[in-house]
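Peer 1: Enclosed is the structure file entry_0.tsv (TSV, C-alpha atoms).
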```tsv
chain	number	residue	atom	x	y	z
A	1	MET	CA	17.37	5.63	-12.64
A	2	GLU	CA	17.46	9.40	-12.51
A	3	GLY	CA	16.07	11.04	-9.39
A	4	VAL	CA	14.84	14.53	-8.63
A	5	GLU	CA	17.65	16.94	-7.80
A	6	PHE	CA	16.89	20.55	-8.53
A	7	GLY	CA	18.74	22.12	-5.63
A	8	HIS	CA	15.46	23.43	-4.21
A	9	SER	CA	15.43	21.76	-0.81
A	10	LEU	CA	18.07	19.13	-0.19
A	11	LYS	CA	16.03	17.45	2.53
A	12	LEU	CA	12.79	17.19	0.51
A	13	GLU	CA	14.68	15.99	-2.54
A	14	LYS	CA	16.42	13.30	-0.47
A	15	GLN	CA	13.03	12.17	0.82
A	16	LEU	CA	11.59	12.00	-2.70
A	17	ASN	CA	14.60	10.09	-3.97
A	18	PHE	CA	14.04	7.63	-1.11
A	19	ILE	CA	10.43	7.17	-2.33
A	20	ILE	CA	11.74	6.63	-5.86
A	21	GLU	CA	14.16	3.99	-4.54
A	22	LEU	CA	11.33	2.20	-2.67
A	23	ASP	CA	9.47	1.80	-5.95
A	24	LYS	CA	11.75	-1.14	-6.74
A	25	VAL	CA	9.69	-3.40	-4.44
A	26	LYS	CA	7.00	-3.24	-7.11
A	27	ASN	CA	9.20	-5.63	-9.04
A	28	ILE	CA	9.96	-7.97	-6.11
A	29	PHE	CA	7.56	-10.89	-6.41
A	30	ARG	CA	6.45	-13.11	-3.55
A	31	LYS	CA	5.87	-16.87	-3.54
A	32	THR	CA	2.11	-16.54	-3.21
A	33	LYS	CA	-0.47	-15.59	-5.80
A	34	LEU	CA	-3.20	-12.97	-5.61
A	35	PHE	CA	-6.51	-14.14	-4.12
A	36	ASP	CA	-7.91	-14.66	-7.61
A	37	SER	CA	-4.72	-16.60	-8.53
A	38	ASN	CA	-4.07	-14.82	-11.81
A	39	ARG	CA	-0.44	-13.97	-10.95
A	40	PHE	CA	2.15	-13.64	-8.18
A	41	GLU	CA	1.86	-10.69	-5.81
A	42	ASN	CA	4.59	-8.08	-5.45
A	43	ASP	CA	5.80	-6.60	-2.18
A	44	ALA	CA	4.11	-3.20	-2.61
A	45	GLU	CA	0.74	-4.86	-3.17
A	46	HIS	CA	1.27	-7.14	-0.18
A	47	SER	CA	2.17	-4.18	2.02
A	48	TRP	CA	-0.94	-2.30	0.92
A	49	THR	CA	-3.23	-5.23	1.70
A	50	VAL	CA	-1.77	-5.96	5.13
A	51	SER	CA	-1.93	-2.26	6.07
A	52	ILE	CA	-5.65	-2.17	5.28
A	53	MET	CA	-6.13	-5.43	7.17
A	54	ALA	CA	-4.64	-3.86	10.30
A	55	VAL	CA	-6.96	-0.83	10.04
A	56	LEU	CA	-10.03	-2.94	9.40
A	57	LEU	CA	-9.36	-5.66	11.99
A	58	LYS	CA	-7.88	-3.71	14.89
A	59	GLU	CA	-10.82	-4.72	17.11
A	60	TYR	CA	-9.33	-8.24	17.22
A	61	SER	CA	-6.02	-7.20	18.76
A	62	ASN	CA	-5.22	-8.92	22.07
A	63	PHE	CA	-4.30	-5.50	23.51
A	64	GLU	CA	-4.51	-1.78	22.89
A	65	VAL	CA	-2.23	-0.84	20.01
A	66	ASP	CA	-1.00	2.39	18.45
A	67	ILE	CA	-2.52	1.64	15.04
A	68	GLU	CA	-0.59	4.44	13.29
A	69	LYS	CA	2.65	2.73	14.30
A	70	VAL	CA	1.30	-0.67	13.20
A	71	ILE	CA	0.43	0.73	9.76
A	72	ILE	CA	3.81	2.43	9.29
A	73	MET	CA	5.58	-0.83	10.20
A	74	LEU	CA	3.47	-2.73	7.67
A	75	LEU	CA	3.91	-0.15	4.91
A	76	LEU	CA	7.70	-0.37	5.25
A	77	HIS	CA	8.45	-3.89	6.53
A	78	ASP	CA	9.39	-5.40	3.18
A	79	VAL	CA	11.42	-2.63	1.54
A	80	VAL	CA	14.62	-4.41	2.63
A	81	GLU	CA	13.79	-7.00	-0.03
A	82	ILE	CA	14.92	-4.49	-2.65
A	83	ASP	CA	18.44	-5.63	-1.78
A	84	ALA	CA	17.83	-8.90	0.05
A	85	GLY	CA	15.14	-10.41	-2.21
A	86	ASP	CA	12.07	-12.33	-1.06
A	87	THR	CA	13.00	-15.26	1.18
A	88	PHE	CA	10.39	-18.02	1.41
A	89	LEU	CA	9.04	-18.36	4.95
A	90	TYR	CA	9.69	-22.11	4.99
A	91	SER	CA	13.16	-22.04	3.42
A	92	ALA	CA	16.32	-23.09	5.23
A	93	GLY	CA	17.92	-19.75	4.30
A	94	ARG	CA	15.84	-17.60	6.66
A	95	ASN	CA	18.74	-16.95	9.04
A	96	GLU	CA	21.18	-15.75	6.41
A	97	ALA	CA	18.38	-13.63	5.02
A	98	ALA	CA	18.14	-11.76	8.32
A	99	GLU	CA	21.74	-10.59	7.93
A	100	ARG	CA	21.20	-9.45	4.33
A	101	GLU	CA	18.02	-7.66	5.39
A	102	GLU	CA	19.75	-5.72	8.16
A	103	LYS	CA	22.39	-4.53	5.73
A	104	ALA	CA	19.64	-3.52	3.32
A	105	ALA	CA	17.78	-1.59	6.02
A	106	ASN	CA	20.92	0.40	6.73
A	107	ARG	CA	21.49	1.23	3.08
A	108	ILE	CA	17.88	2.03	2.14
A	109	PHE	CA	16.79	4.00	5.20
A	110	GLY	CA	20.27	5.51	5.13
A	111	LEU	CA	19.17	7.50	2.08
A	112	LEU	CA	17.27	9.70	4.54
A	113	GLU	CA	18.66	12.24	6.97
A	114	THR	CA	19.53	11.00	10.45
A	115	GLU	CA	16.26	11.52	12.31
A	116	GLN	CA	14.03	9.69	9.84
A	117	LYS	CA	16.71	7.11	9.10
A	118	GLU	CA	16.91	6.15	12.75
A	119	LEU	CA	13.14	6.20	13.22
A	120	PHE	CA	12.51	3.85	10.31
A	121	ILE	CA	15.37	1.48	11.09
A	122	SER	CA	14.08	1.26	14.62
A	123	LEU	CA	10.50	0.56	13.48
A	124	TRP	CA	11.76	-2.06	11.04
A	125	LYS	CA	13.76	-3.81	13.79
A	126	GLU	CA	10.82	-3.61	16.18
A	127	PHE	CA	8.65	-5.35	13.59
A	128	GLU	CA	11.26	-8.07	13.01
A	129	GLU	CA	11.72	-8.76	16.72
A	130	ARG	CA	7.97	-9.15	17.41
A	131	GLU	CA	8.29	-8.19	21.05
A	132	THR	CA	6.12	-5.10	21.38
A	133	ASN	CA	2.32	-5.17	21.10
A	134	GLU	CA	2.44	-3.22	17.85
A	135	ALA	CA	4.94	-5.63	16.28
A	136	LYS	CA	2.94	-8.67	17.42
A	137	PHE	CA	-0.25	-7.26	15.97
A	138	ALA	CA	1.40	-6.14	12.70
A	139	SER	CA	2.86	-9.60	12.28
A	140	VAL	CA	-0.62	-11.18	12.36
A	141	PHE	CA	-1.39	-9.66	8.95
A	142	ASP	CA	1.98	-10.38	7.39
A	143	ARG	CA	1.11	-14.04	8.01
A	144	LEU	CA	-2.66	-14.00	7.55
A	145	GLU	CA	-2.61	-12.70	3.98
A	146	PRO	CA	-0.56	-15.58	2.48
A	147	LEU	CA	-2.63	-18.16	4.42
A	148	ILE	CA	-5.83	-16.86	2.81
A	149	GLN	CA	-4.06	-16.59	-0.56
A	150	ASN	CA	-3.08	-20.24	-0.28
A	151	TYR	CA	-6.56	-21.28	0.72
A	152	LEU	CA	-8.17	-19.42	-2.20
A	153	THR	CA	-5.66	-20.77	-4.72
A	154	GLU	CA	-6.33	-24.36	-3.57
A	155	GLY	CA	-3.01	-24.59	-1.75
A	156	TYR	CA	-0.88	-23.38	-4.67
A	157	THR	CA	2.30	-22.53	-2.74
A	158	TRP	CA	1.85	-25.27	-0.12
A	159	LYS	CA	1.58	-27.95	-2.80
A	160	LYS	CA	4.39	-26.54	-4.95
A	161	HIS	CA	6.88	-26.54	-2.06
A	162	ASN	CA	5.57	-29.62	-0.17
A	163	ILE	CA	4.53	-27.61	2.86
A	164	THR	CA	2.61	-29.65	5.46
A	165	TYR	CA	-0.10	-28.68	7.92
A	166	GLU	CA	2.41	-29.08	10.77
A	167	MET	CA	4.92	-26.75	9.09
A	168	VAL	CA	2.24	-24.12	8.59
A	169	LEU	CA	1.17	-24.34	12.24
A	170	LYS	CA	4.75	-24.01	13.46
A	171	LYS	CA	5.64	-21.00	11.30
A	172	ASN	CA	2.41	-19.11	11.94
A	173	LYS	CA	1.46	-19.89	15.52
A	174	HIS	CA	2.69	-16.51	16.73
A	175	ILE	CA	-0.44	-15.03	15.12
A	176	LYS	CA	-1.98	-16.02	18.45
A	177	ASP	CA	0.35	-13.59	20.26
A	178	GLY	CA	-1.27	-10.70	18.39
A	179	SER	CA	-4.84	-11.92	18.05
A	180	GLU	CA	-6.45	-14.99	19.64
A	181	GLU	CA	-9.57	-14.38	17.57
A	182	ILE	CA	-7.73	-14.35	14.24
A	183	TRP	CA	-5.69	-17.39	15.25
A	184	ASN	CA	-8.95	-19.29	15.88
A	185	PHE	CA	-10.07	-18.32	12.41
A	186	VAL	CA	-6.74	-19.52	10.97
A	187	LEU	CA	-7.09	-22.92	12.69
A	188	LEU	CA	-10.48	-23.32	11.05
A	189	LEU	CA	-9.13	-22.23	7.66
A	190	LEU	CA	-6.30	-24.77	7.90
A	191	GLN	CA	-8.69	-27.53	8.93
A	192	LYS	CA	-10.86	-26.76	5.87
A	193	ALA	CA	-7.72	-26.67	3.71
A	194	VAL	CA	-6.81	-30.18	4.90
A	195	GLU	CA	-10.36	-31.45	4.32
A	196	LYS	CA	-10.33	-30.07	0.76
A	197	GLY	CA	-6.93	-31.56	-0.02
A	198	TYR	CA	-5.13	-28.18	-0.34
A	199	LEU	CA	-2.76	-29.06	2.52
A	200	GLN	CA	-1.44	-32.43	3.71
A	201	LYS	CA	-0.85	-33.62	7.26
A	202	GLU	CA	2.47	-35.39	7.95
B	203	MET	CA	-14.08	-15.72	-6.78
B	204	GLU	CA	-14.68	-17.87	-3.72
B	205	GLY	CA	-14.42	-16.14	-0.35
B	206	VAL	CA	-13.91	-17.40	3.19
B	207	GLU	CA	-17.16	-18.50	4.81
B	208	PHE	CA	-16.72	-21.06	7.51
B	209	GLY	CA	-19.50	-19.93	9.83
B	210	HIS	CA	-16.89	-19.11	12.49
B	211	SER	CA	-17.53	-15.40	13.00
B	212	LEU	CA	-19.85	-13.74	10.52
B	213	LYS	CA	-18.36	-10.30	11.16
B	214	LEU	CA	-14.72	-11.33	10.73
B	215	GLU	CA	-15.55	-13.34	7.62
B	216	LYS	CA	-17.38	-10.36	6.11
B	217	GLN	CA	-14.33	-8.20	6.80
B	218	LEU	CA	-12.00	-10.71	5.15
B	219	ASN	CA	-14.27	-11.04	2.13
B	220	PHE	CA	-14.15	-7.25	1.84
B	221	ILE	CA	-10.33	-7.46	1.78
B	222	ILE	CA	-10.58	-10.16	-0.89
B	223	GLU	CA	-12.86	-7.90	-2.94
B	224	LEU	CA	-10.41	-4.97	-2.63
B	225	ASP	CA	-7.72	-7.12	-4.23
B	226	LYS	CA	-9.30	-6.37	-7.61
B	227	VAL	CA	-7.62	-2.93	-7.64
B	228	LYS	CA	-4.35	-4.79	-8.25
B	229	ASN	CA	-5.64	-5.25	-11.77
B	230	ILE	CA	-6.81	-1.65	-12.28
B	231	PHE	CA	-4.05	0.14	-14.14
B	232	ARG	CA	-3.43	3.87	-14.12
B	233	LYS	CA	-2.38	6.13	-16.99
B	234	THR	CA	1.09	6.72	-15.55
B	235	LYS	CA	4.10	4.44	-15.52
B	236	LEU	CA	6.31	3.46	-12.57
B	237	PHE	CA	9.24	5.79	-11.85
B	238	ASP	CA	11.56	3.45	-13.78
B	239	SER	CA	9.02	3.44	-16.66
B	240	ASN	CA	9.00	-0.32	-17.17
B	241	ARG	CA	5.21	-0.64	-16.97
B	242	PHE	CA	1.96	1.05	-15.89
B	243	GLU	CA	1.20	1.28	-12.19
B	244	ASN	CA	-1.84	-0.33	-10.60
B	245	ASP	CA	-4.07	1.28	-7.98
B	246	ALA	CA	-2.80	-0.81	-5.05
B	247	GLU	CA	0.79	0.17	-5.80
B	248	HIS	CA	-0.18	3.82	-6.17
B	249	SER	CA	-2.03	3.75	-2.84
B	250	TRP	CA	0.98	2.19	-1.11
B	251	THR	CA	3.37	4.84	-2.45
B	252	VAL	CA	1.17	7.82	-1.58
B	253	SER	CA	0.57	6.45	1.94
B	254	ILE	CA	4.31	6.27	2.55
B	255	MET	CA	4.74	9.75	1.08
B	256	ALA	CA	2.27	11.14	3.63
B	257	VAL	CA	4.15	9.50	6.53
B	258	LEU	CA	7.53	10.63	5.29
B	259	LEU	CA	6.58	14.18	4.32
B	260	LYS	CA	4.15	15.17	7.04
B	261	GLU	CA	6.49	17.95	8.20
B	262	TYR	CA	5.53	19.89	5.05
B	263	SER	CA	1.82	20.07	5.84
B	264	ASN	CA	0.40	23.62	6.01
B	265	PHE	CA	-1.31	22.68	9.29
B	266	GLU	CA	-1.45	20.04	12.00
B	267	VAL	CA	-3.00	16.87	10.61
B	268	ASP	CA	-4.18	13.56	12.06
B	269	ILE	CA	-1.75	11.47	10.03
B	270	GLU	CA	-3.51	8.17	10.84
B	271	LYS	CA	-6.65	9.53	9.16
B	272	VAL	CA	-4.59	10.80	6.20
B	273	ILE	CA	-3.05	7.36	5.71
B	274	ILE	CA	-6.39	5.53	5.94
B	275	MET	CA	-7.86	7.90	3.34
B	276	LEU	CA	-4.93	7.28	1.02
B	277	LEU	CA	-4.98	3.50	1.49
B	278	LEU	CA	-8.65	3.38	0.49
B	279	HIS	CA	-9.23	6.34	-1.84
B	280	ASP	CA	-9.06	4.40	-5.10
B	281	VAL	CA	-10.95	1.20	-4.28
B	282	VAL	CA	-14.05	2.66	-5.96
B	283	GLU	CA	-12.19	2.17	-9.25
B	284	ILE	CA	-12.94	-1.56	-8.93
B	285	ASP	CA	-16.39	-0.70	-10.31
B	286	ALA	CA	-15.82	2.75	-11.79
B	287	GLY	CA	-12.46	2.20	-13.52
B	288	ASP	CA	-9.57	4.65	-13.62
B	289	THR	CA	-10.63	8.02	-15.05
B	290	PHE	CA	-7.84	10.16	-16.44
B	291	LEU	CA	-7.42	13.38	-14.48
B	292	TYR	CA	-7.54	15.51	-17.63
B	293	SER	CA	-10.46	13.73	-19.34
B	294	ALA	CA	-13.83	15.36	-20.02
B	295	GLY	CA	-15.58	12.48	-18.26
B	296	ARG	CA	-14.50	13.37	-14.72
B	297	ASN	CA	-17.99	14.53	-13.69
B	298	GLU	CA	-19.78	11.37	-14.76
B	299	ALA	CA	-17.03	9.40	-13.06
B	300	ALA	CA	-17.93	11.01	-9.74
B	301	GLU	CA	-21.41	9.52	-9.95
B	302	ARG	CA	-20.11	6.04	-10.82
B	303	GLU	CA	-17.59	6.29	-8.00
B	304	GLU	CA	-20.22	7.16	-5.41
B	305	LYS	CA	-22.27	4.13	-6.43
B	306	ALA	CA	-19.14	2.01	-6.21
B	307	ALA	CA	-18.33	3.30	-2.72
B	308	ASN	CA	-21.80	2.30	-1.56
B	309	ARG	CA	-21.50	-1.20	-3.00
B	310	ILE	CA	-17.92	-1.91	-1.92
B	311	PHE	CA	-17.94	-0.44	1.60
B	312	GLY	CA	-21.47	-1.87	1.87
B	313	LEU	CA	-19.86	-5.31	2.11
B	314	LEU	CA	-19.01	-4.35	5.71
B	315	GLU	CA	-21.32	-4.08	8.66
B	316	THR	CA	-22.91	-0.66	9.31
B	317	GLU	CA	-20.35	0.97	11.58
B	318	GLN	CA	-17.31	0.34	9.37
B	319	LYS	CA	-19.32	0.87	6.19
B	320	GLU	CA	-20.34	4.35	7.34
B	321	LEU	CA	-16.87	5.21	8.61
B	322	PHE	CA	-15.17	4.33	5.34
B	323	ILE	CA	-17.79	5.94	3.10
B	324	SER	CA	-17.44	9.10	5.14
B	325	LEU	CA	-13.63	9.05	4.90
B	326	TRP	CA	-13.85	8.44	1.17
B	327	LYS	CA	-16.22	11.39	0.73
B	328	GLU	CA	-14.07	13.60	2.92
B	329	PHE	CA	-11.09	12.83	0.70
B	330	GLU	CA	-13.06	13.58	-2.48
B	331	GLU	CA	-14.38	16.90	-1.14
B	332	ARG	CA	-10.92	18.20	-0.12
B	333	GLU	CA	-12.32	20.53	2.53
B	334	THR	CA	-10.72	19.28	5.75
B	335	ASN	CA	-7.04	19.62	6.54
B	336	GLU	CA	-6.56	15.86	6.32
B	337	ALA	CA	-8.20	15.65	2.91
B	338	LYS	CA	-6.18	18.62	1.60
B	339	PHE	CA	-2.94	17.07	2.79
B	340	ALA	CA	-3.81	13.56	1.50
B	341	SER	CA	-4.63	15.03	-1.90
B	342	VAL	CA	-1.11	16.49	-2.20
B	343	PHE	CA	0.32	12.99	-2.61
B	344	ASP	CA	-2.39	11.68	-4.90
B	345	ARG	CA	-1.23	14.42	-7.29
B	346	LEU	CA	2.49	14.54	-6.50
B	347	GLU	CA	3.21	10.91	-7.40
B	348	PRO	CA	2.01	11.10	-11.05
B	349	LEU	CA	3.85	14.43	-11.53
B	350	ILE	CA	7.14	12.82	-10.52
B	351	GLN	CA	6.31	9.73	-12.59
B	352	ASN	CA	5.77	11.93	-15.60
B	353	TYR	CA	9.00	13.81	-14.99
B	354	LEU	CA	11.04	10.61	-14.64
B	355	THR	CA	9.50	9.03	-17.73
B	356	GLU	CA	10.32	12.11	-19.81
B	357	GLY	CA	6.71	13.26	-19.89
B	358	TYR	CA	5.27	9.91	-21.06
B	359	THR	CA	1.59	10.55	-20.18
B	360	TRP	CA	1.73	14.30	-20.84
B	361	LYS	CA	3.05	13.75	-24.36
B	362	LYS	CA	0.74	10.83	-25.12
B	363	HIS	CA	-2.38	12.82	-24.23
B	364	ASN	CA	-1.21	16.30	-25.35
B	365	ILE	CA	-1.29	17.71	-21.83
B	366	THR	CA	0.13	21.23	-21.57
B	367	TYR	CA	1.94	23.03	-18.76
B	368	GLU	CA	-1.14	25.20	-18.22
B	369	MET	CA	-3.42	22.14	-17.89
B	370	VAL	CA	-1.08	20.58	-15.35
B	371	LEU	CA	-1.00	23.78	-13.31
B	372	LYS	CA	-4.78	24.09	-13.31
B	373	LYS	CA	-5.47	20.50	-12.30
B	374	ASN	CA	-2.81	20.34	-9.60
B	375	LYS	CA	-2.72	23.81	-8.06
B	376	HIS	CA	-4.68	22.63	-5.01
B	377	ILE	CA	-1.48	20.92	-3.86
B	378	LYS	CA	-0.74	24.38	-2.46
B	379	ASP	CA	-3.79	24.11	-0.16
B	380	GLY	CA	-2.15	21.14	1.60
B	381	SER	CA	1.52	22.06	1.36
B	382	GLU	CA	3.07	25.33	0.18
B	383	GLU	CA	6.51	23.74	0.37
B	384	ILE	CA	5.62	20.81	-1.88
B	385	TRP	CA	3.83	23.13	-4.32
B	386	ASN	CA	7.02	25.19	-4.63
B	387	PHE	CA	8.88	21.96	-5.43
B	388	VAL	CA	6.24	21.05	-8.05
B	389	LEU	CA	6.59	24.47	-9.74
B	390	LEU	CA	10.31	23.83	-10.05
B	391	LEU	CA	9.76	20.29	-11.36
B	392	LEU	CA	7.34	21.58	-14.01
B	393	GLN	CA	9.73	24.34	-15.03
B	394	LYS	CA	12.50	21.72	-15.48
B	395	ALA	CA	10.06	19.51	-17.41
B	396	VAL	CA	9.37	22.38	-19.82
B	397	GLU	CA	13.09	23.11	-20.20
B	398	LYS	CA	13.80	19.48	-21.02
B	399	GLY	CA	10.94	19.24	-23.52
B	400	TYR	CA	8.86	16.79	-21.48
B	401	LEU	CA	5.97	19.25	-21.26
B	402	GLN	CA	4.85	21.99	-23.68
B	403	LYS	CA	3.53	25.44	-22.88
B	404	GLU	CA	0.42	26.57	-24.82
```
Can you give me the file's structure in the form of structure tokens?
Peer 2:
Amino acid sequence: MEGVEFGHSLKLEKQLNFIIELDKVKNIFRKTKLFDSNRFENDAEHSWTVSIMAVLLKEYSNFEVDIEKVIIMLLLHDVVEIDAGDTFLYSAGRNEAAEREEKAANRIFGLLETEQKELFISLWKEFEERETNEAKFASVFDRLEPLIQNYLTEGYTWKKHNITYEMVLKKNKHIKDGSEEIWNFVLLLLQKAVEKGYLQKE
Amino acid sequence: MEGVEFGHSLKLEKQLNFIIELDKVKNIFRKTKLFDSNRFENDAEHSWTVSIMAVLLKEYSNFEVDIEKVIIMLLLHDVVEIDAGDTFLYSAGRNEAAEREEKAANRIFGLLETEQKELFISLWKEFEERETNEAKFASVFDRLEPLIQNYLTEGYTWKKHNITYEMVLKKNKHIKDGSEEIWNFVLLLLQKAVEKGYLQKE
């Protein structure tokens, strides 16, 4: 794909070509369907929804957070999938994916000049490591959205991949580290999902 | 579409049902195609791209801006199109659209409790009015993205709807109010578009 290179301002043009590169996540599809189940969701749409969730639900954070940082993390957290692809949360290949994703982060953010490159790589790593308050809170929404998507699509992805209630608990329990209140909601949602037959216990 | 209503926390469940409602913009398609031209872009994807643009390009703002506010405006500016539909920038129906969009803002943000409802309606109006620094800067990206999309798709939307260079200048010149630097880039992009035959002068 052609970019924009007019020799006007090298820095601005690099930044715009980075934006053009990011557009590829609009063709990276996730394993979960939209809330109304009419099709799979792509990474750009997912990132938009979880960013709004963080703005709207910041009152439920376990601690004070820099919400601007949370939003930037969420806007950018999945762009590594341009190179690394979408790896299913419950798949055995999650560890190898981490290596592919780091390489991707270096290539993609490396399209920018040093200062922004380093800033975004560092925010991306911070999100992945889930150690800071901002990363813990951002991670709540990365996990909450697919749980609600599964509930509203009658367990579509859970059923398709034989995901059990226990597996969902194990892979999502760190929601509690970011928001006790939202984790309590998730426990109720999962209980309802079991009652309705969307999710099976082992 | 079913929502989430478990009687756990009325406020949280209202907020999540608002998020579920917003998902409908993923099926509202714009008049412009993705940078790689393989299909039309939807409103959620557009909002994601322009939000990242604001983060990445904030150094080019004509003035100091509260970037968190800019991002929130951009994340939410198009959700009114759930009810009002996408109105083409150059169409004669832009004035009637404003009325439909205001009604939509009241209904959609009205799904939230008073405090957040009023906050988001006020941010949405601020964006539409383009009087504050944040609204002026946010508006730069709402206009910049389709200009680059048109350039990279060899003038797809311009040609299809007989849009001239003069019309583009007139409808986009307020980019300069938010960023002189980006407006200078746009002038160059439009000049190249004319040279390449993507856009006609009157």
Peer 1: Using all atoms listed in the file and a distance of at most 6 Å, pull out the residues of chain A that contact chain B, as a list of chain:residue names.
Peer 2: A:Ala44, A:Glu45, A:Trp48, A:Glu68
Peer 1: Calculated over all atoms listed in the file, which of the candidates B:Thr316, B:Asn308, B:Ser381, B:Thr234 has the smallest distance to Lys362 in chain B?
Peer 2: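 Between B:Thr316, B:Asn308, B:Ser381, B:Thr234, the residue approaching Lys362 in chain B most closely is B:Thr234.
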Peer 1: CA of Tyr358 in chain B and CA of Ser341 in chain B, how far apart in Å?
Peer 2: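 CA of Tyr358 in chain B lies 22.2 Å from CA of Ser341 in chain B.
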Peer 1: Please compute the CA of Gln402 in chain B-CA of Tyr367 in chain B distance, one decimal, in Å.
Peer 2: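 Separating CA of Gln402 in chain B from CA of Tyr367 in chain B is a distance of 5.8 Å.
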Peer 1: Interatomic distance between CA of Leu321 in chain B and CA of Asp78 in chain A?
Peer 2: 28.8 Å
Peer 1: Hey, what's within 12 Å of Glu131 in chain A if we count only C-alpha atoms and toss same-chain stuff fewer than 6 positions away? As a count of residues only, please?
Peer 2: 8
Peer 1: In file coordinates, which residues lie within 12 Å of (2.1, -17.5, 9.6) using all atoms listed in the file, given as a VMD selection string?
Peer 2: chain A and resid 88 to 90 136 138 to 150 165 to 178 182 to 183 186 to 187 190
Peer 1: Hey, can you spit out that residue selection with C-alpha atoms as a PDB file, in the coordinates of the input?
Peer 2:
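And here is the file that came out, again-v9.pdb:
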```
ATOM      1  CA  PHE A  88      10.390 -18.020   1.410  1.00  0.00           C
ATOM      2  CA  LEU A  89       9.040 -18.360   4.950  1.00  0.00           C
ATOM      3  CA  TYR A  90       9.690 -22.110   4.990  1.00  0.00           C
ATOM      4  CA  LYS A 136       2.940  -8.670  17.420  1.00  0.00           C
ATOM      5  CA  ALA A 138       1.400  -6.140  12.700  1.00  0.00           C
ATOM      6  CA  SER A 139       2.860  -9.600  12.280  1.00  0.00           C
ATOM      7  CA  VAL A 140      -0.620 -11.180  12.360  1.00  0.00           C
ATOM      8  CA  PHE A 141      -1.390  -9.660   8.950  1.00  0.00           C
ATOM      9  CA  ASP A 142       1.980 -10.380   7.390  1.00  0.00           C
ATOM     10  CA  ARG A 143       1.110 -14.040   8.010  1.00  0.00           C
ATOM     11  CA  LEU A 144      -2.660 -14.000   7.550  1.00  0.00           C
ATOM     12  CA  GLU A 145      -2.610 -12.700   3.980  1.00  0.00           C
ATOM     13  CA  PRO A 146      -0.560 -15.580   2.480  1.00  0.00           C
ATOM     14  CA  LEU A 147      -2.630 -18.160   4.420  1.00  0.00           C
ATOM     15  CA  ILE A 148      -5.830 -16.860   2.810  1.00  0.00           C
ATOM     16  CA  GLN A 149      -4.060 -16.590  -0.560  1.00  0.00           C
ATOM     17  CA  ASN A 150      -3.080 -20.240  -0.280  1.00  0.00           C
ATOM     18  CA  TYR A 165      -0.100 -28.680   7.920  1.00  0.00           C
ATOM     19  CA  GLU A 166       2.410 -29.080  10.770  1.00  0.00           C
ATOM     20  CA  MET A 167       4.920 -26.750   9.090  1.00  0.00           C
ATOM     21  CA  VAL A 168       2.240 -24.120   8.590  1.00  0.00           C
ATOM     22  CA  LEU A 169       1.170 -24.340  12.240  1.00  0.00           C
ATOM     23  CA  LYS A 170       4.750 -24.010  13.460  1.00  0.00           C
ATOM     24  CA  LYS A 171       5.640 -21.000  11.300  1.00  0.00           C
ATOM     25  CA  ASN A 172       2.410 -19.110  11.940  1.00  0.00           C
ATOM     26  CA  LYS A 173       1.460 -19.890  15.520  1.00  0.00           C
ATOM     27  CA  HIS A 174       2.690 -16.510  16.730  1.00  0.00           C
ATOM     28  CA  ILE A 175      -0.440 -15.030  15.120  1.00  0.00           C
ATOM     29  CA  LYS A 176      -1.980 -16.020  18.450  1.00  0.00           C
ATOM     30  CA  ASP A 177       0.350 -13.590  20.260  1.00  0.00           C
ATOM     31  CA  GLY A 178      -1.270 -10.700  18.390  1.00  0.00           C
ATOM     32  CA  ILE A 182      -7.730 -14.350  14.240  1.00  0.00           C
ATOM     33  CA  TRP A 183      -5.690 -17.390  15.250  1.00  0.00           C
ATOM     34  CA  VAL A 186      -6.740 -19.520  10.970  1.00  0.00           C
ATOM     35  CA  LEU A 187      -7.090 -22.920  12.690  1.00  0.00           C
ATOM     36  CA  LEU A 190      -6.300 -24.770   7.900  1.00  0.00           C
TER      37      LEU A 190
END
```
